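Report on the structure given below.
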Amino acid sequence: MCGKVPLQSYYSQTYIMKKLLIVVFSLMIFTACEAVPKRYSAAYTDVFDTVTQFTAYCGSDEEFEEYSDILHDELLRLHEIFDIYLTYGDTQNACMLNENGSLENPPPELVELIESGKNWYSETDGQLNIALGSVLSLWHDCRENAELPDPDMLKNLSGHCDIENISMDNGIALADPEMSLDFGALAKGYAAEKAAETLIGLGLENFAISCGGNVVTHGKKPSGSWEIGIENPDGGLITSVFVSGESVVTSGDYQRFVEIGGVRYHHIIDPKTLYPAKFWRSVTVISKSSAEADALSTALFCMDQKSGLELIKKHSAEAMWIDQNGEVYRSEGFSDYE
Amino acid sequence: MNKTARNDILLAVAIALAAVAVFLIRIFPAAPAQSCEVIHAGATEAVLPLDGNGVYVCGSVEIEISDGSARIKKSGCPEQICVKHKPISRSGEAVICAPEGVMIRITGEGPDFVQ
């Protein structure tokens, strides 16, 4: 049955219909044609003796696999250069340097990392020392065997940790044949940053890399910033930080340790005491640079809060400390990320 | 407004709402339930729902899912570091058995990574 429609009403219905049709078709085209990036993840177990996780938003499986392969290859390349335990054919690496005492044509990344280590040594008054390799090696072996190192041996080895004995004038040379270098406080953060730069250069916009807990983020998720949970050393999460473009690194006494006679001996050695640092249970650092965040978290773990605050201020970083009683301390801008 | 025109408008509104719903679902997909992803030699070998119970075998590694958490129950590795690791249950947590090239990690709603 047809009814008579007043002219004004007819125009208004037509107007509404047109508007609605525009909206409907726009949304249909939008939902049908726009490639909404999908979340992808990969994990590698063969770099830096730890778990590396890679999460990214990509348009297709193939695109993600391509980025994942590039990231993995880059991390493997850097792992081989900084590895202090193994050599890899003709590659001049850290292990070869420690064994032979010199490298004639070291890779530029190794030179850069050692120069960075020297800078951190002077900035932290020796609390971050890449020349502590012989002491750290003894502790490593003792942890594996669940026994304490001989104090006399520790003291003896500490006489071979002078960073001034690293010469960079012609290649790299260690003047003290008993000394060895260890990049545990720097290598993962540096490598993650270099690998992230490679991905950014190739155009990947939204991704995060966690290299043994050293988290580098770039861009965002569709739902917002990347969420990094920070563990309470006694269990559970103490907080989460939300970042996009920053790196987050935590050093804690609960990550790698051995219990001997009911006492926990963790893996971060205070260069002054030669024993596991006792200032904090954990220190979390947020920084624009992954390499800096890695170095700062280890350095702050081995110093009091006042010294740590001065250091992070200089590097425009933020930090959160948890002490032996579970008390939590934050730098001024840390809570902006929570 | 006549009945036909009103029905046309209602139909258009319904289509518009459906389109909006599809759009929002694609932008904000529902968070998947928590799962334990088993990665072997760099590739995902299994995704085990955390709300189930059981043991999954990956080479010499046995992964146990129990009470909403996952752990490496047995491994042929020499140092047994992975076996000593506490069970994991929160998104972003992971345990690795490096000698066997096996990793388990929790995925789903929650932090992207835990440290």
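FYI, nothing fancy with the structure tokens labels: chains A, B, ... in order, residues from 1 per chain, ligands from 1 as they appear.
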Open item on the list: Please list as an MDAnalysis selection string every residue within 12 Å of A:Asp169, counting only C-alpha atoms and excluding residues in the same chain fewer than 2 positions away.
Closed with: chainID A and resid 102:106 111 115 165:167 171:175
Excluding A:Ala208 and its own-chain neighbours fewer than 4 positions away, which residues fall within 7 Å of it when counting only C-alpha atoms? Please give them as a PDB file with C-alpha atoms, in the first residue's frame.
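Saved as out-v5.pdb:
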```pdb
ATOM      1  CA  PHE A  54      60.398 -10.975  18.847  1.00  0.00           C
ATOM      2  CA  THR A  55      56.878  -9.591  18.481  1.00  0.00           C
ATOM      3  CA  ALA A  56      55.791  -7.410  15.575  1.00  0.00           C
ATOM      4  CA  VAL A 215      63.327  -5.233  26.017  1.00  0.00           C
ATOM      5  CA  VAL A 216      63.561  -2.819  23.083  1.00  0.00           C
ATOM      6  CA  THR A 217      60.330  -1.317  21.770  1.00  0.00           C
ATOM      7  CA  HIS A 218      59.531   0.649  18.649  1.00  0.00           C
TER       8      HIS A 218
END
```
Task: Exercise: stretch 295-300 of chain A partners within 10 Å, only C-alpha atoms, chain neighbours under 6 positions left out, as JSON, numbers by chain - done: {"A": [116, 117, 120, 121, 123, 124, 125, 126, 127, 128, 129, 183, 184, 185, 186, 187, 188, 189, 190, 248, 249, 250, 251, 252, 268, 269, 270, 277, 279, 280, 282, 283, 284, 285, 286, 287, 306, 307, 308, 309, 311, 312, 315, 317, 318, 319, 320, 321]}
- [ ] Please provide the set of residues having any atom within 10 Å of A:Gly59, restricted to only C-alpha atoms, with same-chain residues fewer than 6 positions apart removed, written as a list in words.
- [x]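 So the residues in contact are Ala35, Val36, Pro37, Lys38, Arg39 and Tyr40 of chain A.
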For stretch 92-102 of chain B, find every residue with an atom within 6 Å (counting only C-alpha atoms), except residues of its own chain fewer than 2 positions away, and show them as a compact mmCIF listing (two decimals) with all heavy atoms, in the first residue's frame.
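What ended up in selection_14.txt:
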```
# COMPACT_ATOMS: atom_id res chain seq x y z
N ILE B 39 58.21 -23.93 21.69
CA ILE B 39 59.04 -23.60 20.53
C ILE B 39 60.26 -24.52 20.52
O ILE B 39 60.97 -24.63 21.53
CB ILE B 39 59.47 -22.12 20.60
CG1 ILE B 39 58.23 -21.24 20.47
CG2 ILE B 39 60.47 -21.79 19.49
CD1 ILE B 39 58.40 -19.88 21.01
N HIS B 40 60.45 -25.20 19.40
CA HIS B 40 61.58 -26.13 19.27
C HIS B 40 62.38 -25.73 18.03
O HIS B 40 61.80 -25.59 16.95
CB HIS B 40 61.07 -27.57 19.14
CG HIS B 40 62.17 -28.59 19.08
ND1 HIS B 40 62.10 -29.72 18.34
CD2 HIS B 40 63.39 -28.62 19.69
CE1 HIS B 40 63.22 -30.42 18.47
NE2 HIS B 40 64.02 -29.76 19.30
N ALA B 41 63.67 -25.53 18.22
CA ALA B 41 64.57 -25.13 17.12
C ALA B 41 64.03 -23.90 16.39
O ALA B 41 64.08 -23.82 15.17
CB ALA B 41 64.75 -26.29 16.15
N CYS B 77 68.90 -32.49 29.45
CA CYS B 77 70.05 -31.58 29.50
C CYS B 77 70.89 -31.85 30.75
O CYS B 77 70.38 -32.35 31.74
CB CYS B 77 69.58 -30.12 29.48
SG CYS B 77 68.63 -29.62 30.91
N CYS B 82 66.51 -25.67 33.55
CA CYS B 82 65.12 -25.47 33.13
C CYS B 82 64.15 -26.19 34.05
O CYS B 82 63.06 -25.69 34.33
CB CYS B 82 64.94 -25.94 31.68
SG CYS B 82 65.42 -27.66 31.42
N ARG B 90 52.04 -16.39 33.67
CA ARG B 90 51.64 -15.05 33.22
C ARG B 90 52.15 -14.79 31.80
O ARG B 90 53.26 -15.20 31.45
CB ARG B 90 52.21 -13.99 34.16
CG ARG B 90 51.58 -13.99 35.53
CD ARG B 90 52.02 -12.76 36.30
NE ARG B 90 53.46 -12.69 36.38
CZ ARG B 90 54.17 -13.14 37.40
NH1 ARG B 90 53.59 -13.70 38.41
NH2 ARG B 90 55.48 -13.03 37.39
N ILE B 104 59.48 -22.72 26.36
CA ILE B 104 58.04 -22.59 26.57
C ILE B 104 57.78 -21.16 27.00
O ILE B 104 58.58 -20.56 27.72
CB ILE B 104 57.49 -23.59 27.62
CG1 ILE B 104 58.16 -23.42 28.99
CG2 ILE B 104 57.66 -25.02 27.13
CD1 ILE B 104 57.50 -24.22 30.11
N ARG B 105 56.68 -20.61 26.53
CA ARG B 105 56.34 -19.25 26.95
C ARG B 105 54.83 -19.10 26.98
O ARG B 105 54.10 -19.80 26.26
CB ARG B 105 56.96 -18.21 26.02
CG ARG B 105 56.41 -18.26 24.62
CD ARG B 105 56.95 -17.11 23.81
NE ARG B 105 56.54 -17.23 22.42
CZ ARG B 105 56.88 -16.37 21.47
NH1 ARG B 105 57.65 -15.36 21.74
NH2 ARG B 105 56.46 -16.54 20.24
N ILE B 106 54.39 -18.19 27.85
CA ILE B 106 52.95 -17.98 28.02
C ILE B 106 52.51 -16.84 27.11
O ILE B 106 53.15 -15.78 27.07
CB ILE B 106 52.61 -17.65 29.49
CG1 ILE B 106 53.18 -18.72 30.42
CG2 ILE B 106 51.11 -17.49 29.66
CD1 ILE B 106 52.65 -20.12 30.19
N PRO B 111 50.88 -8.75 30.20
CA PRO B 111 52.04 -8.04 29.68
C PRO B 111 52.61 -8.71 28.43
O PRO B 111 52.49 -9.93 28.26
CB PRO B 111 53.05 -8.11 30.83
CG PRO B 111 52.27 -8.42 32.04
CD PRO B 111 51.09 -9.21 31.58
N ASP B 112 53.24 -7.92 27.58
CA ASP B 112 53.89 -8.48 26.41
C ASP B 112 55.13 -9.27 26.80
O ASP B 112 55.47 -10.27 26.20
CB ASP B 112 54.25 -7.36 25.43
CG ASP B 112 53.01 -6.65 24.93
OD1 ASP B 112 52.26 -7.26 24.17
OD2 ASP B 112 52.77 -5.50 25.33
N PHE B 113 55.84 -8.75 27.81
CA PHE B 113 57.04 -9.42 28.31
C PHE B 113 57.08 -9.24 29.83
O PHE B 113 56.53 -8.27 30.35
CB PHE B 113 58.33 -8.83 27.72
CG PHE B 113 58.36 -8.84 26.22
CD1 PHE B 113 58.14 -7.69 25.51
CD2 PHE B 113 58.60 -10.01 25.52
CE1 PHE B 113 58.17 -7.68 24.13
CE2 PHE B 113 58.63 -10.02 24.14
CZ PHE B 113 58.41 -8.86 23.44
N VAL B 114 57.75 -10.16 30.50
CA VAL B 114 57.94 -10.04 31.95
C VAL B 114 59.43 -10.11 32.23
O VAL B 114 60.14 -10.93 31.64
CB VAL B 114 57.20 -11.16 32.71
CG1 VAL B 114 57.58 -11.15 34.18
CG2 VAL B 114 55.70 -10.99 32.56
```
- [ ] Just the helix (DSSP H, G or I) stuff from stretch 88-259 of chain A, please, per backbone DSSP, written as a PyMOL selection string.
- [x] chain A and resi 94-100+108-123+133-144+151-158+163-165+187-201
Open item on the list: Which residue is closest to chain A? Choose from B:Ser89, B:Gln115, B:Gln80, B:Asn53 and count only C-alpha atoms.
Closed with: B:Gln115
Task: Which residue of A:Gly89, A:Gly203, A:Gly159, A:Pro222 approaches chain B most closely, using only C-alpha atoms - done: A:Pro222
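Checking A:Asp304, A:Val47, A:Leu71, A:Thr52 one by one against A:Leu204, counting only C-alpha atoms, you find the shortest gap at A:Leu71.
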Open item on the list: Give me, as a ChimeraX atom specification, the residues of chain B that a backbone DSSP run labels strand (DSSP E or B).
Closed with: /B:35-40,43-49,54-58,61-66,69-74,88,94-97,102-107,113-114
File of the preceding selection, C-alpha atoms, as an mmCIF file, in the first residue's frame:
```
data_model
loop_
_atom_site.group_PDB
_atom_site.id
_atom_site.type_symbol
_atom_site.label_atom_id
_atom_site.label_comp_id
_atom_site.auth_asym_id
_atom_site.auth_seq_id
_atom_site.Cartn_x
_atom_site.Cartn_y
_atom_site.Cartn_z
ATOM 1 C CA SER B 35 48.257 -20.650 26.310
ATOM 2 C CA CYS B 36 51.678 -22.225 26.584
ATOM 3 C CA GLU B 37 53.556 -22.037 23.316
ATOM 4 C CA VAL B 38 56.209 -24.717 22.801
ATOM 5 C CA ILE B 39 59.044 -23.603 20.535
ATOM 6 C CA HIS B 40 61.577 -26.126 19.271
ATOM 7 C CA ALA B 43 59.656 -22.847 15.339
ATOM 8 C CA THR B 44 56.358 -23.158 17.192
ATOM 9 C CA GLU B 45 55.695 -26.839 17.709
ATOM 10 C CA ALA B 46 52.544 -26.686 19.844
ATOM 11 C CA VAL B 47 50.197 -24.261 21.572
ATOM 12 C CA LEU B 48 48.780 -25.805 24.730
ATOM 13 C CA PRO B 49 45.783 -24.206 26.497
ATOM 14 C CA GLY B 54 48.666 -32.964 30.833
ATOM 15 C CA VAL B 55 52.202 -33.572 29.646
ATOM 16 C CA TYR B 56 53.579 -32.698 26.226
ATOM 17 C CA VAL B 57 56.790 -34.370 25.046
ATOM 18 C CA CYS B 58 59.231 -32.509 22.815
ATOM 19 C CA VAL B 61 61.860 -32.433 27.221
ATOM 20 C CA GLU B 62 58.578 -33.035 29.033
ATOM 21 C CA ILE B 63 56.317 -30.027 29.517
ATOM 22 C CA GLU B 64 53.635 -30.272 32.151
ATOM 23 C CA ILE B 65 50.485 -28.169 32.139
ATOM 24 C CA SER B 66 48.795 -28.199 35.516
ATOM 25 C CA SER B 69 50.656 -23.030 34.840
ATOM 26 C CA ALA B 70 53.356 -24.667 32.748
ATOM 27 C CA ARG B 71 56.767 -26.042 33.637
ATOM 28 C CA ILE B 72 59.531 -28.191 32.220
ATOM 29 C CA LYS B 73 59.105 -31.379 34.182
ATOM 30 C CA LYS B 74 61.961 -33.411 32.687
ATOM 31 C CA ILE B 88 55.108 -19.991 34.639
ATOM 32 C CA ALA B 94 59.258 -17.983 29.424
ATOM 33 C CA VAL B 95 61.547 -20.888 30.323
ATOM 34 C CA ILE B 96 64.304 -22.126 28.065
ATOM 35 C CA CYS B 97 66.193 -25.391 27.835
ATOM 36 C CA VAL B 102 63.269 -25.897 23.573
ATOM 37 C CA MET B 103 61.446 -22.910 24.968
ATOM 38 C CA ILE B 104 58.036 -22.590 26.570
ATOM 39 C CA ARG B 105 56.343 -19.252 26.945
ATOM 40 C CA ILE B 106 52.953 -17.980 28.018
ATOM 41 C CA THR B 107 50.892 -16.024 25.516
ATOM 42 C CA PHE B 113 57.039 -9.421 28.311
ATOM 43 C CA VAL B 114 57.942 -10.035 31.948
#
```
- [ ] List the neighbours of A:Leu199 out to 10 Å using only C-alpha atoms; skip same-chain residues closer than 2 positions along the sequence, and give me the result as an MDAnalysis selection string.
- [x] chainID A and resid 67:68 70:71 74 193:197 201:207 218
Could you write out that same residue set with all heavy atoms as a compact mmCIF listing (two decimals), in the first residue's frame?
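Writing done, so here's out39.txt:
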```txt
# COMPACT_ATOMS: atom_id res chain seq x y z
N TYR A 67 61.33 -10.34 8.28
CA TYR A 67 61.92 -9.52 9.36
C TYR A 67 62.54 -10.41 10.44
O TYR A 67 63.61 -10.10 10.97
CB TYR A 67 60.85 -8.62 9.98
CG TYR A 67 60.51 -7.40 9.15
CD1 TYR A 67 59.20 -7.14 8.77
CD2 TYR A 67 61.49 -6.48 8.77
CE1 TYR A 67 58.87 -6.02 8.01
CE2 TYR A 67 61.18 -5.37 8.01
CZ TYR A 67 59.87 -5.14 7.64
OH TYR A 67 59.56 -4.04 6.89
N SER A 68 61.85 -11.50 10.76
CA SER A 68 62.35 -12.39 11.81
C SER A 68 63.69 -13.00 11.41
O SER A 68 64.62 -13.08 12.24
CB SER A 68 61.31 -13.49 12.07
OG SER A 68 61.81 -14.41 13.01
N ILE A 70 65.88 -11.73 9.33
CA ILE A 70 66.90 -10.66 9.35
C ILE A 70 67.36 -10.40 10.78
O ILE A 70 68.55 -10.29 11.07
CB ILE A 70 66.34 -9.37 8.70
CG1 ILE A 70 66.17 -9.59 7.19
CG2 ILE A 70 67.24 -8.17 8.99
CD1 ILE A 70 65.32 -8.54 6.49
N LEU A 71 66.39 -10.32 11.70
CA LEU A 71 66.72 -10.08 13.11
C LEU A 71 67.58 -11.21 13.66
O LEU A 71 68.61 -10.97 14.31
CB LEU A 71 65.42 -9.95 13.93
CG LEU A 71 65.60 -9.89 15.45
CD1 LEU A 71 66.33 -8.63 15.86
CD2 LEU A 71 64.25 -9.97 16.15
N GLU A 74 71.11 -11.13 12.34
CA GLU A 74 71.89 -10.04 12.91
C GLU A 74 72.31 -10.36 14.36
O GLU A 74 73.44 -10.12 14.76
CB GLU A 74 71.07 -8.73 12.87
CG GLU A 74 71.74 -7.51 13.47
CD GLU A 74 72.99 -7.05 12.72
OE1 GLU A 74 73.45 -7.74 11.80
OE2 GLU A 74 73.54 -5.99 13.09
N GLU A 193 69.86 -3.30 20.42
CA GLU A 193 69.70 -1.96 19.83
C GLU A 193 70.13 -1.95 18.36
O GLU A 193 69.45 -1.38 17.51
CB GLU A 193 70.53 -0.96 20.63
CG GLU A 193 70.34 0.47 20.15
CD GLU A 193 70.79 1.47 21.22
OE1 GLU A 193 70.43 1.30 22.39
OE2 GLU A 193 71.51 2.41 20.85
N LYS A 194 71.28 -2.59 18.09
CA LYS A 194 71.76 -2.64 16.70
C LYS A 194 70.76 -3.37 15.81
O LYS A 194 70.47 -2.94 14.68
CB LYS A 194 73.11 -3.37 16.64
CG LYS A 194 74.27 -2.58 17.18
CD LYS A 194 74.71 -1.55 16.17
CE LYS A 194 75.77 -0.63 16.75
NZ LYS A 194 75.96 0.59 15.97
N ALA A 195 70.24 -4.49 16.31
CA ALA A 195 69.29 -5.28 15.52
C ALA A 195 68.00 -4.48 15.30
O ALA A 195 67.42 -4.51 14.20
CB ALA A 195 68.99 -6.60 16.23
N ALA A 196 67.56 -3.75 16.34
CA ALA A 196 66.34 -2.94 16.20
C ALA A 196 66.55 -1.85 15.16
O ALA A 196 65.66 -1.56 14.35
CB ALA A 196 65.97 -2.34 17.55
N GLU A 197 67.74 -1.25 15.16
CA GLU A 197 68.04 -0.20 14.17
C GLU A 197 67.96 -0.76 12.75
O GLU A 197 67.49 -0.09 11.83
CB GLU A 197 69.44 0.38 14.43
CG GLU A 197 69.46 1.35 15.61
CD GLU A 197 70.89 1.72 16.00
OE1 GLU A 197 71.85 1.30 15.32
OE2 GLU A 197 71.04 2.42 17.02
N GLY A 201 65.38 0.55 9.96
CA GLY A 201 65.89 0.99 8.66
C GLY A 201 65.19 0.31 7.50
O GLY A 201 65.09 0.88 6.41
N LEU A 202 64.69 -0.89 7.73
CA LEU A 202 63.98 -1.63 6.67
C LEU A 202 62.49 -1.27 6.63
O LEU A 202 61.75 -1.79 5.79
CB LEU A 202 64.14 -3.14 6.89
CG LEU A 202 65.56 -3.67 6.69
CD1 LEU A 202 65.68 -5.10 7.19
CD2 LEU A 202 65.94 -3.61 5.21
N GLY A 203 62.06 -0.44 7.57
CA GLY A 203 60.68 0.05 7.51
C GLY A 203 59.70 -0.60 8.47
O GLY A 203 58.51 -0.30 8.43
N LEU A 204 60.16 -1.50 9.36
CA LEU A 204 59.23 -2.10 10.32
C LEU A 204 58.85 -1.05 11.37
O LEU A 204 59.72 -0.43 11.98
CB LEU A 204 59.88 -3.33 10.98
CG LEU A 204 58.97 -4.14 11.91
CD1 LEU A 204 57.73 -4.64 11.18
CD2 LEU A 204 59.73 -5.33 12.50
N GLU A 205 57.56 -0.87 11.56
CA GLU A 205 57.11 0.26 12.38
C GLU A 205 56.79 -0.09 13.82
O GLU A 205 57.02 0.71 14.73
CB GLU A 205 55.88 0.90 11.73
CG GLU A 205 56.20 1.59 10.42
CD GLU A 205 54.98 2.18 9.76
OE1 GLU A 205 53.86 1.92 10.24
OE2 GLU A 205 55.15 2.89 8.75
N ASN A 206 56.19 -1.26 14.05
CA ASN A 206 55.71 -1.58 15.40
C ASN A 206 56.22 -2.94 15.84
O ASN A 206 55.72 -3.96 15.35
CB ASN A 206 54.17 -1.54 15.43
CG ASN A 206 53.63 -0.20 14.99
OD1 ASN A 206 53.89 0.82 15.61
ND2 ASN A 206 52.91 -0.19 13.88
N PHE A 207 57.20 -2.95 16.73
CA PHE A 207 57.76 -4.23 17.17
C PHE A 207 58.43 -4.09 18.53
O PHE A 207 58.69 -2.98 19.00
CB PHE A 207 58.76 -4.76 16.14
CG PHE A 207 60.03 -3.94 16.02
CD1 PHE A 207 61.12 -4.20 16.83
CD2 PHE A 207 60.12 -2.91 15.10
CE1 PHE A 207 62.29 -3.44 16.72
CE2 PHE A 207 61.27 -2.15 14.98
CZ PHE A 207 62.36 -2.42 15.79
N HIS A 218 59.62 -0.37 19.69
CA HIS A 218 59.53 0.65 18.65
C HIS A 218 58.08 0.72 18.20
O HIS A 218 57.47 -0.31 17.92
CB HIS A 218 60.44 0.29 17.47
CG HIS A 218 60.45 1.33 16.40
ND1 HIS A 218 61.00 2.58 16.58
CD2 HIS A 218 59.95 1.33 15.15
CE1 HIS A 218 60.86 3.29 15.47
NE2 HIS A 218 60.21 2.56 14.59
```
Task: Counting only C-alpha atoms, the option among A:Ala131, A:Ile238, A:Leu113, A:Ile200 closest to chain B - done: A:Ile238
Open item on the list: So that I can check the surroundings of A:Lys155, please list as a count of residues only every protein, DNA and RNA residue that reaches within 12 Å of it, counting only C-alpha atoms and ignoring chain neighbours fewer than 6 positions away.
Closed with: 11
Open item on the list: If I take atom CA of A:Asn93 and atom CA of A:Ser289, how far is one from the other in Å, to one decimal?
Closed with: 24.0 Å
Open item on the list: Using only C-alpha atoms for the distances, tell me which of B:Gly110, B:Ser60, B:Val83, B:Pro78 is nearest to chain A.
Closed with: B:Gly110
Task: Distance in Å - atom CA of A:Lys118 versus atom CA of A:Gln92 - done: 20.0 Å
- [ ] Compare A:Asp46, A:Met96, A:Thr87, A:Met153 by their minimum atom-to-atom distance to A:Trp139, counting only C-alpha atoms, and give me the closest one.
- [x]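 Closest to A:Trp139, using only C-alpha atoms: A:Met153.
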